[in-house]
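A.B. asks: Let me begin by handing over the structure; questions about it come next.
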Amino acid sequence: MSVFYMIITGFCVFVIQWSIFPFLCSAIWQPDLWLTLLILSALMYDKKEILIWTIFGGFIQDITSGSMIGTHLLLYTIIALLFFKFVRQKFNRRWYISILAVMIGTFIYTILSGLLITISGENLSLPMYIAFKSVPLMLSNGVSALFMYNLLWNVTIEGESQW
(Lines give C-alpha, C1' and ligand atoms only; values in the text may rest on other atoms or scores of the structure.)
Protein backbone atom coordinates (compact mmCIF):
# COMPACT_ATOMS: atom_id res chain seq x y z
CA MET A 1 0.00 0.00 0.00
CA SER A 2 1.46 3.34 -0.99
CA VAL A 3 1.99 6.17 1.47
CA PHE A 4 -0.75 8.22 -0.19
CA TYR A 5 -3.34 5.49 0.26
CA MET A 6 -2.19 4.82 3.79
CA ILE A 7 -2.80 8.49 4.61
CA ILE A 8 -6.24 8.42 2.95
CA THR A 9 -7.16 5.18 4.73
CA GLY A 10 -5.91 6.50 8.08
CA PHE A 11 -7.87 9.73 7.67
CA CYS A 12 -11.06 7.86 6.75
CA VAL A 13 -10.69 5.48 9.72
CA PHE A 14 -10.07 8.46 12.02
CA VAL A 15 -13.16 10.33 10.80
CA ILE A 16 -15.39 7.27 10.99
CA GLN A 17 -14.04 6.18 14.39
CA TRP A 18 -14.29 9.54 16.13
CA SER A 19 -16.96 11.50 14.21
CA ILE A 20 -19.53 9.08 12.82
CA PHE A 21 -19.57 6.04 15.12
CA PRO A 22 -20.15 8.01 18.36
CA PHE A 23 -23.49 9.14 16.91
CA LEU A 24 -24.47 5.70 15.58
CA CYS A 25 -23.29 3.35 18.34
CA SER A 26 -23.31 3.32 22.10
CA ALA A 27 -19.85 3.38 23.66
CA ILE A 28 -19.75 -0.34 24.46
CA TRP A 29 -20.84 -1.37 20.94
CA GLN A 30 -18.52 1.00 19.09
CA PRO A 31 -15.96 -0.96 17.05
CA ASP A 32 -12.27 -0.22 17.31
CA LEU A 33 -11.47 0.38 13.64
CA TRP A 34 -7.77 0.96 14.32
CA LEU A 35 -7.46 -2.45 15.95
CA THR A 36 -9.42 -4.07 13.12
CA LEU A 37 -7.25 -2.32 10.52
CA LEU A 38 -4.12 -3.35 12.38
CA ILE A 39 -5.06 -7.04 12.57
CA LEU A 40 -6.17 -7.21 8.94
CA SER A 41 -2.98 -5.43 7.88
CA ALA A 42 -0.91 -7.93 9.88
CA LEU A 43 -2.52 -10.66 7.80
CA MET A 44 -2.10 -8.95 4.43
CA TYR A 45 0.83 -6.54 4.39
CA ASP A 46 4.50 -6.50 5.25
CA LYS A 47 6.07 -5.55 8.57
CA LYS A 48 6.81 -1.92 7.64
CA GLU A 49 3.17 -1.12 6.92
CA ILE A 50 2.03 -2.93 10.04
CA LEU A 51 4.40 -0.90 12.22
CA ILE A 52 3.23 2.33 10.58
CA TRP A 53 -0.40 1.44 11.39
CA THR A 54 0.61 0.43 14.91
CA ILE A 55 2.44 3.66 15.70
CA PHE A 56 0.00 5.97 13.97
CA GLY A 57 -3.16 4.21 15.18
CA GLY A 58 -1.92 3.77 18.75
CA PHE A 59 -0.83 7.38 19.02
CA ILE A 60 -4.10 8.71 17.54
CA GLN A 61 -6.18 6.44 19.80
CA ASP A 62 -4.26 7.59 22.87
CA ILE A 63 -4.72 11.27 22.02
CA THR A 64 -8.38 11.13 21.03
CA SER A 65 -9.53 8.80 23.81
CA GLY A 66 -7.79 10.80 26.53
CA SER A 67 -5.84 7.85 27.87
CA MET A 68 -2.23 7.98 28.91
CA ILE A 69 0.07 8.30 25.88
CA GLY A 70 1.46 4.89 25.00
CA THR A 71 -1.35 2.69 26.31
CA HIS A 72 -2.92 1.85 22.95
CA LEU A 73 0.48 2.04 21.29
CA LEU A 74 1.85 -0.70 23.57
CA LEU A 75 -1.19 -2.94 23.19
CA TYR A 76 -1.37 -2.47 19.42
CA THR A 77 2.34 -3.26 19.09
CA ILE A 78 1.95 -6.50 21.05
CA ILE A 79 -1.08 -7.56 18.98
CA ALA A 80 0.63 -6.66 15.69
CA LEU A 81 3.78 -8.59 16.51
CA LEU A 82 1.81 -11.63 17.72
CA PHE A 83 -0.27 -11.74 14.56
CA PHE A 84 2.65 -11.07 12.25
CA LYS A 85 4.78 -13.76 13.91
CA PHE A 86 2.25 -16.55 14.50
CA VAL A 87 -0.96 -16.03 12.51
CA ARG A 88 0.26 -14.70 9.18
CA GLN A 89 1.58 -18.12 8.04
CA LYS A 90 -1.81 -19.74 8.61
CA PHE A 91 -3.77 -17.08 6.75
CA ASN A 92 -5.31 -18.54 3.61
CA ARG A 93 -7.06 -15.50 2.14
CA ARG A 94 -10.54 -16.46 3.27
CA TRP A 95 -12.79 -13.71 4.60
CA TYR A 96 -14.09 -15.83 7.48
CA ILE A 97 -10.52 -16.55 8.65
CA SER A 98 -9.91 -12.78 8.69
CA ILE A 99 -13.05 -12.13 10.72
CA LEU A 100 -12.12 -14.90 13.15
CA ALA A 101 -8.59 -13.48 13.44
CA VAL A 102 -10.01 -10.01 14.21
CA MET A 103 -12.30 -11.45 16.88
CA ILE A 104 -9.46 -13.43 18.49
CA GLY A 105 -7.19 -10.37 18.33
CA THR A 106 -9.89 -8.27 19.95
CA PHE A 107 -10.23 -10.83 22.75
CA ILE A 108 -6.46 -10.80 23.31
CA TYR A 109 -6.55 -6.99 23.28
CA THR A 110 -9.29 -6.99 25.93
CA ILE A 111 -7.33 -9.36 28.16
CA LEU A 112 -4.14 -7.30 27.78
CA SER A 113 -5.92 -4.00 28.44
CA GLY A 114 -7.58 -5.48 31.54
CA LEU A 115 -4.19 -6.67 32.78
CA LEU A 116 -2.70 -3.24 32.11
CA ILE A 117 -5.50 -1.54 34.05
CA THR A 118 -5.08 -3.99 36.93
CA ILE A 119 -1.29 -3.55 37.02
CA SER A 120 -1.70 0.22 37.07
CA GLY A 121 -3.49 -0.06 40.41
CA GLU A 122 -7.16 0.25 39.49
CA ASN A 123 -9.66 -1.78 41.46
CA LEU A 124 -10.94 -3.95 38.62
CA SER A 125 -12.47 -7.40 38.50
CA LEU A 126 -10.58 -8.80 35.53
CA PRO A 127 -13.08 -11.59 34.68
CA MET A 128 -16.01 -9.14 34.78
CA TYR A 129 -14.11 -6.61 32.68
CA ILE A 130 -13.30 -9.22 30.07
CA ALA A 131 -16.87 -10.58 30.03
CA PHE A 132 -18.45 -7.12 29.85
CA LYS A 133 -16.10 -5.58 27.30
CA SER A 134 -14.89 -8.42 25.08
CA VAL A 135 -18.18 -9.78 23.70
CA PRO A 136 -19.59 -6.50 22.31
CA LEU A 137 -16.18 -5.39 21.06
CA MET A 138 -15.50 -8.76 19.41
CA LEU A 139 -18.87 -8.70 17.63
CA SER A 140 -18.61 -5.08 16.49
CA ASN A 141 -15.00 -5.52 15.31
CA GLY A 142 -16.01 -8.72 13.50
CA VAL A 143 -18.75 -6.86 11.63
CA SER A 144 -16.38 -4.01 10.77
CA ALA A 145 -13.79 -6.57 9.57
CA LEU A 146 -16.39 -7.95 7.19
CA PHE A 147 -16.55 -4.57 5.46
CA MET A 148 -12.86 -3.65 5.75
CA TYR A 149 -11.58 -7.00 4.46
CA ASN A 150 -12.58 -6.42 0.83
CA LEU A 151 -11.37 -2.84 0.85
CA LEU A 152 -7.91 -3.80 2.11
CA TRP A 153 -7.63 -6.97 0.05
CA ASN A 154 -8.47 -5.12 -3.19
CA VAL A 155 -5.40 -2.90 -2.83
CA THR A 156 -2.96 -5.80 -2.56
CA ILE A 157 -1.98 -8.59 -4.93
CA GLU A 158 0.40 -11.18 -3.49
CA GLY A 159 2.04 -8.67 -1.17
CA GLU A 160 2.34 -5.98 -3.83
CA SER A 161 0.20 -2.89 -3.87
CA GLN A 162 -2.45 -3.01 -6.60
CA TRP A 163 -2.44 0.77 -6.82
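If you're wondering about the labels, chains in the C-alpha coordinates are A, B, ... by order shown, residues count from 1 in each chain, ligands from 1 in order shown.
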Could you pull out the alpha helix (DSSP H) residues of chain A from DSSP and send them as a PyMOL selection string?
C.D. replies: chain A and resi 3-15+21-24+33-44+47-65+71-82+95-119+126-153
A.B. asks: Name the closest residue to Thr36 of chain A among the candidates A:Leu74, A:Ile119, A:Ile50, A:Ile20; distances are taken between atoms, counting only C-alpha atoms.
C.D. replies: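 Of A:Leu74, A:Ile119, A:Ile50, A:Ile20, the one nearest Thr36 of chain A, counting only C-alpha atoms, is A:Ile50.
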A.B. asks: Show me, as a PDB file with all heavy atoms, in the first residue's frame, the residues that have an atom within 8 Å of Tyr76 of chain A when counting only C-alpha atoms, minus same-chain residues fewer than 6 positions from it.
C.D. replies:
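As a result, result33.pdb now contains:
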ATOM      1  N   LEU A  35      -7.848  -1.090  15.621  1.00  0.00           N
ATOM      2  CA  LEU A  35      -7.456  -2.454  15.951  1.00  0.00           C
ATOM      3  C   LEU A  35      -7.817  -3.400  14.813  1.00  0.00           C
ATOM      4  O   LEU A  35      -7.024  -4.266  14.440  1.00  0.00           O
ATOM      5  CB  LEU A  35      -8.130  -2.894  17.257  1.00  0.00           C
ATOM      6  CG  LEU A  35      -7.816  -4.299  17.755  1.00  0.00           C
ATOM      7  CD1 LEU A  35      -6.334  -4.449  18.056  1.00  0.00           C
ATOM      8  CD2 LEU A  35      -8.654  -4.614  18.979  1.00  0.00           C
ATOM      9  N   LEU A  38      -5.437  -2.828  12.010  1.00  0.00           N
ATOM     10  CA  LEU A  38      -4.121  -3.348  12.377  1.00  0.00           C
ATOM     11  C   LEU A  38      -4.054  -4.865  12.215  1.00  0.00           C
ATOM     12  O   LEU A  38      -3.103  -5.395  11.635  1.00  0.00           O
ATOM     13  CB  LEU A  38      -3.809  -2.963  13.816  1.00  0.00           C
ATOM     14  CG  LEU A  38      -2.534  -3.524  14.395  1.00  0.00           C
ATOM     15  CD1 LEU A  38      -1.347  -2.783  13.825  1.00  0.00           C
ATOM     16  CD2 LEU A  38      -2.565  -3.437  15.884  1.00  0.00           C
ATOM     17  N   THR A  54       0.525   0.572  13.458  1.00  0.00           N
ATOM     18  CA  THR A  54       0.610   0.428  14.910  1.00  0.00           C
ATOM     19  C   THR A  54       0.958   1.752  15.576  1.00  0.00           C
ATOM     20  O   THR A  54       0.292   2.187  16.516  1.00  0.00           O
ATOM     21  CB  THR A  54       1.671  -0.629  15.277  1.00  0.00           C
ATOM     22  OG1 THR A  54       1.306  -1.872  14.687  1.00  0.00           O
ATOM     23  CG2 THR A  54       1.791  -0.790  16.765  1.00  0.00           C
ATOM     24  N   GLY A  58      -2.040   3.725  17.293  1.00  0.00           N
ATOM     25  CA  GLY A  58      -1.920   3.766  18.747  1.00  0.00           C
ATOM     26  C   GLY A  58      -1.810   5.183  19.276  1.00  0.00           C
ATOM     27  O   GLY A  58      -2.438   5.539  20.268  1.00  0.00           O
ATOM     28  N   TYR A 109      -6.666  -8.412  22.935  1.00  0.00           N
ATOM     29  CA  TYR A 109      -6.545  -6.985  23.276  1.00  0.00           C
ATOM     30  C   TYR A 109      -7.300  -6.677  24.570  1.00  0.00           C
ATOM     31  O   TYR A 109      -6.807  -5.948  25.427  1.00  0.00           O
ATOM     32  CB  TYR A 109      -7.079  -6.136  22.124  1.00  0.00           C
ATOM     33  CG  TYR A 109      -7.220  -4.679  22.450  1.00  0.00           C
ATOM     34  CD1 TYR A 109      -6.115  -3.835  22.425  1.00  0.00           C
ATOM     35  CD2 TYR A 109      -8.448  -4.143  22.786  1.00  0.00           C
ATOM     36  CE1 TYR A 109      -6.233  -2.493  22.732  1.00  0.00           C
ATOM     37  CE2 TYR A 109      -8.584  -2.807  23.093  1.00  0.00           C
ATOM     38  CZ  TYR A 109      -7.472  -1.984  23.066  1.00  0.00           C
ATOM     39  OH  TYR A 109      -7.603  -0.662  23.372  1.00  0.00           O
TER      40      TYR A 109
END
A.B. asks: Which neighbours of Trp95 of chain A fall inside 9 Å, counting only C-alpha atoms, when residues of the same chain fewer than 5 positions from it are skipped, and could you give them as number ranges by chain?
C.D. replies: A: 100, 145-146, 149-150
A.B. asks: With distances taken over only C-alpha atoms, which of A:Thr9, A:Ser113, A:Ser140, A:Ser65 is nearest to Asp32 of chain A?
C.D. replies: A:Ser140
A.B. asks: Determine, counting only C-alpha atoms, which protein, DNA and RNA residues have an atom within 12 Å of an atom of Phe83 of chain A; residues of the same chain fewer than 5 positions away are not included. Present the result as a PyMOL selection string.
C.D. replies: chain A and resi 35+38-47+50+76-78+88-91+98+101-102+104-106+108-109
A.B. asks: Residues of the last selection are to be written out with N, CA and C atoms, as a PDB file, in the first residue's frame.
C.D. replies:
ATOM      1  N   LEU A  35      -7.848  -1.090  15.621  1.00  0.00           N
ATOM      2  CA  LEU A  35      -7.456  -2.454  15.951  1.00  0.00           C
ATOM      3  C   LEU A  35      -7.817  -3.400  14.813  1.00  0.00           C
ATOM      4  N   LEU A  38      -5.437  -2.828  12.010  1.00  0.00           N
ATOM      5  CA  LEU A  38      -4.121  -3.348  12.377  1.00  0.00           C
ATOM      6  C   LEU A  38      -4.054  -4.865  12.215  1.00  0.00           C
ATOM      7  N   ILE A  39      -5.063  -5.575  12.676  1.00  0.00           N
ATOM      8  CA  ILE A  39      -5.058  -7.040  12.575  1.00  0.00           C
ATOM      9  C   ILE A  39      -5.164  -7.474  11.120  1.00  0.00           C
ATOM     10  N   LEU A  40      -6.055  -6.849  10.361  1.00  0.00           N
ATOM     11  CA  LEU A  40      -6.174  -7.206   8.944  1.00  0.00           C
ATOM     12  C   LEU A  40      -4.891  -6.885   8.184  1.00  0.00           C
ATOM     13  N   SER A  41      -4.249  -5.783   8.526  1.00  0.00           N
ATOM     14  CA  SER A  41      -2.978  -5.432   7.879  1.00  0.00           C
ATOM     15  C   SER A  41      -1.886  -6.433   8.238  1.00  0.00           C
ATOM     16  N   ALA A  42      -1.909  -6.924   9.476  1.00  0.00           N
ATOM     17  CA  ALA A  42      -0.911  -7.927   9.883  1.00  0.00           C
ATOM     18  C   ALA A  42      -1.076  -9.211   9.089  1.00  0.00           C
ATOM     19  N   LEU A  43      -2.280  -9.472   8.605  1.00  0.00           N
ATOM     20  CA  LEU A  43      -2.518 -10.661   7.795  1.00  0.00           C
ATOM     21  C   LEU A  43      -2.182 -10.452   6.320  1.00  0.00           C
ATOM     22  N   MET A  44      -2.217  -9.207   5.858  1.00  0.00           N
ATOM     23  CA  MET A  44      -2.100  -8.946   4.426  1.00  0.00           C
ATOM     24  C   MET A  44      -0.827  -8.244   3.993  1.00  0.00           C
ATOM     25  N   TYR A  45      -0.271  -7.396   4.828  1.00  0.00           N
ATOM     26  CA  TYR A  45       0.826  -6.536   4.393  1.00  0.00           C
ATOM     27  C   TYR A  45       2.134  -6.898   5.067  1.00  0.00           C
ATOM     28  N   ASP A  46       3.187  -6.202   4.682  1.00  0.00           N
ATOM     29  CA  ASP A  46       4.503  -6.497   5.251  1.00  0.00           C
ATOM     30  C   ASP A  46       4.693  -5.757   6.578  1.00  0.00           C
ATOM     31  N   LYS A  47       5.816  -6.043   7.208  1.00  0.00           N
ATOM     32  CA  LYS A  47       6.073  -5.553   8.571  1.00  0.00           C
ATOM     33  C   LYS A  47       6.143  -4.028   8.646  1.00  0.00           C
ATOM     34  N   ILE A  50       2.664  -2.595   8.769  1.00  0.00           N
ATOM     35  CA  ILE A  50       2.029  -2.933  10.044  1.00  0.00           C
ATOM     36  C   ILE A  50       2.539  -2.022  11.154  1.00  0.00           C
ATOM     37  N   TYR A  76      -1.331  -2.247  20.868  1.00  0.00           N
ATOM     38  CA  TYR A  76      -1.370  -2.469  19.419  1.00  0.00           C
ATOM     39  C   TYR A  76      -0.068  -3.098  18.919  1.00  0.00           C
ATOM     40  N   THR A  77       1.055  -2.685  19.494  1.00  0.00           N
ATOM     41  CA  THR A  77       2.343  -3.265  19.085  1.00  0.00           C
ATOM     42  C   THR A  77       2.402  -4.747  19.442  1.00  0.00           C
ATOM     43  N   ILE A  78       1.955  -5.094  20.635  1.00  0.00           N
ATOM     44  CA  ILE A  78       1.954  -6.498  21.053  1.00  0.00           C
ATOM     45  C   ILE A  78       1.060  -7.324  20.128  1.00  0.00           C
ATOM     46  N   ARG A  88       0.107 -15.026  10.594  1.00  0.00           N
ATOM     47  CA  ARG A  88       0.261 -14.704   9.180  1.00  0.00           C
ATOM     48  C   ARG A  88       0.506 -15.945   8.322  1.00  0.00           C
ATOM     49  N   GLN A  89       1.278 -16.925   8.818  1.00  0.00           N
ATOM     50  CA  GLN A  89       1.582 -18.117   8.036  1.00  0.00           C
ATOM     51  C   GLN A  89       0.336 -18.976   7.808  1.00  0.00           C
ATOM     52  N   LYS A  90      -0.616 -18.908   8.712  1.00  0.00           N
ATOM     53  CA  LYS A  90      -1.811 -19.738   8.614  1.00  0.00           C
ATOM     54  C   LYS A  90      -2.946 -19.056   7.859  1.00  0.00           C
ATOM     55  N   PHE A  91      -2.736 -17.833   7.453  1.00  0.00           N
ATOM     56  CA  PHE A  91      -3.766 -17.080   6.750  1.00  0.00           C
ATOM     57  C   PHE A  91      -3.894 -17.610   5.333  1.00  0.00           C
ATOM     58  N   SER A  98     -10.251 -14.148   8.291  1.00  0.00           N
ATOM     59  CA  SER A  98      -9.911 -12.776   8.692  1.00  0.00           C
ATOM     60  C   SER A  98     -10.825 -12.284   9.807  1.00  0.00           C
ATOM     61  N   ALA A 101      -9.853 -14.030  12.933  1.00  0.00           N
ATOM     62  CA  ALA A 101      -8.594 -13.476  13.443  1.00  0.00           C
ATOM     63  C   ALA A 101      -8.837 -12.139  14.137  1.00  0.00           C
ATOM     64  N   VAL A 102      -9.701 -11.297  13.582  1.00  0.00           N
ATOM     65  CA  VAL A 102     -10.009 -10.008  14.211  1.00  0.00           C
ATOM     66  C   VAL A 102     -10.704 -10.232  15.552  1.00  0.00           C
ATOM     67  N   ILE A 104     -10.448 -12.895  17.543  1.00  0.00           N
ATOM     68  CA  ILE A 104      -9.463 -13.428  18.488  1.00  0.00           C
ATOM     69  C   ILE A 104      -8.504 -12.324  18.929  1.00  0.00           C
ATOM     70  N   GLY A 105      -8.063 -11.496  17.984  1.00  0.00           N
ATOM     71  CA  GLY A 105      -7.194 -10.373  18.329  1.00  0.00           C
ATOM     72  C   GLY A 105      -7.866  -9.388  19.266  1.00  0.00           C
ATOM     73  N   THR A 106      -9.142  -9.163  19.067  1.00  0.00           N
ATOM     74  CA  THR A 106      -9.893  -8.275  19.952  1.00  0.00           C
ATOM     75  C   THR A 106      -9.990  -8.871  21.354  1.00  0.00           C
ATOM     76  N   ILE A 108      -7.803 -10.945  22.730  1.00  0.00           N
ATOM     77  CA  ILE A 108      -6.464 -10.797  23.310  1.00  0.00           C
ATOM     78  C   ILE A 108      -6.236  -9.356  23.754  1.00  0.00           C
ATOM     79  N   TYR A 109      -6.666  -8.412  22.935  1.00  0.00           N
ATOM     80  CA  TYR A 109      -6.545  -6.985  23.276  1.00  0.00           C
ATOM     81  C   TYR A 109      -7.300  -6.677  24.570  1.00  0.00           C
TER      82      TYR A 109
END
A.B. asks: Select, from A:Asn154, A:Thr110, A:Thr64, A:Ser19, the residue with the minimum atom-to-atom distance to Val135 of chain A, counting only C-alpha atoms.
C.D. replies: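 Counting only C-alpha atoms, the residue closest to Val135 of chain A is A:Thr110.
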A.B. asks: I'd like to know which residues of chain A are strand (DSSP E) (by DSSP, run on the backbone); could you write them as an NGL selection string?
C.D. replies: :A and (156-157 or 160-161)
A.B. asks: Using Å and a single decimal, report how far atom CA of Ala131 of chain A sits from atom CA of Leu37 of chain A.
C.D. replies: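 Atom CA of Ala131 of chain A lies 23.3 Å from atom CA of Leu37 of chain A.
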A.B. asks: What's around Met138 of chain A at 7 Å? Count only C-alpha atoms, leave out sequence neighbours fewer than 4 positions away in its own chain, and write the answer as a PyMOL selection string.
C.D. replies: chain A and resi 103+106-107+134+142
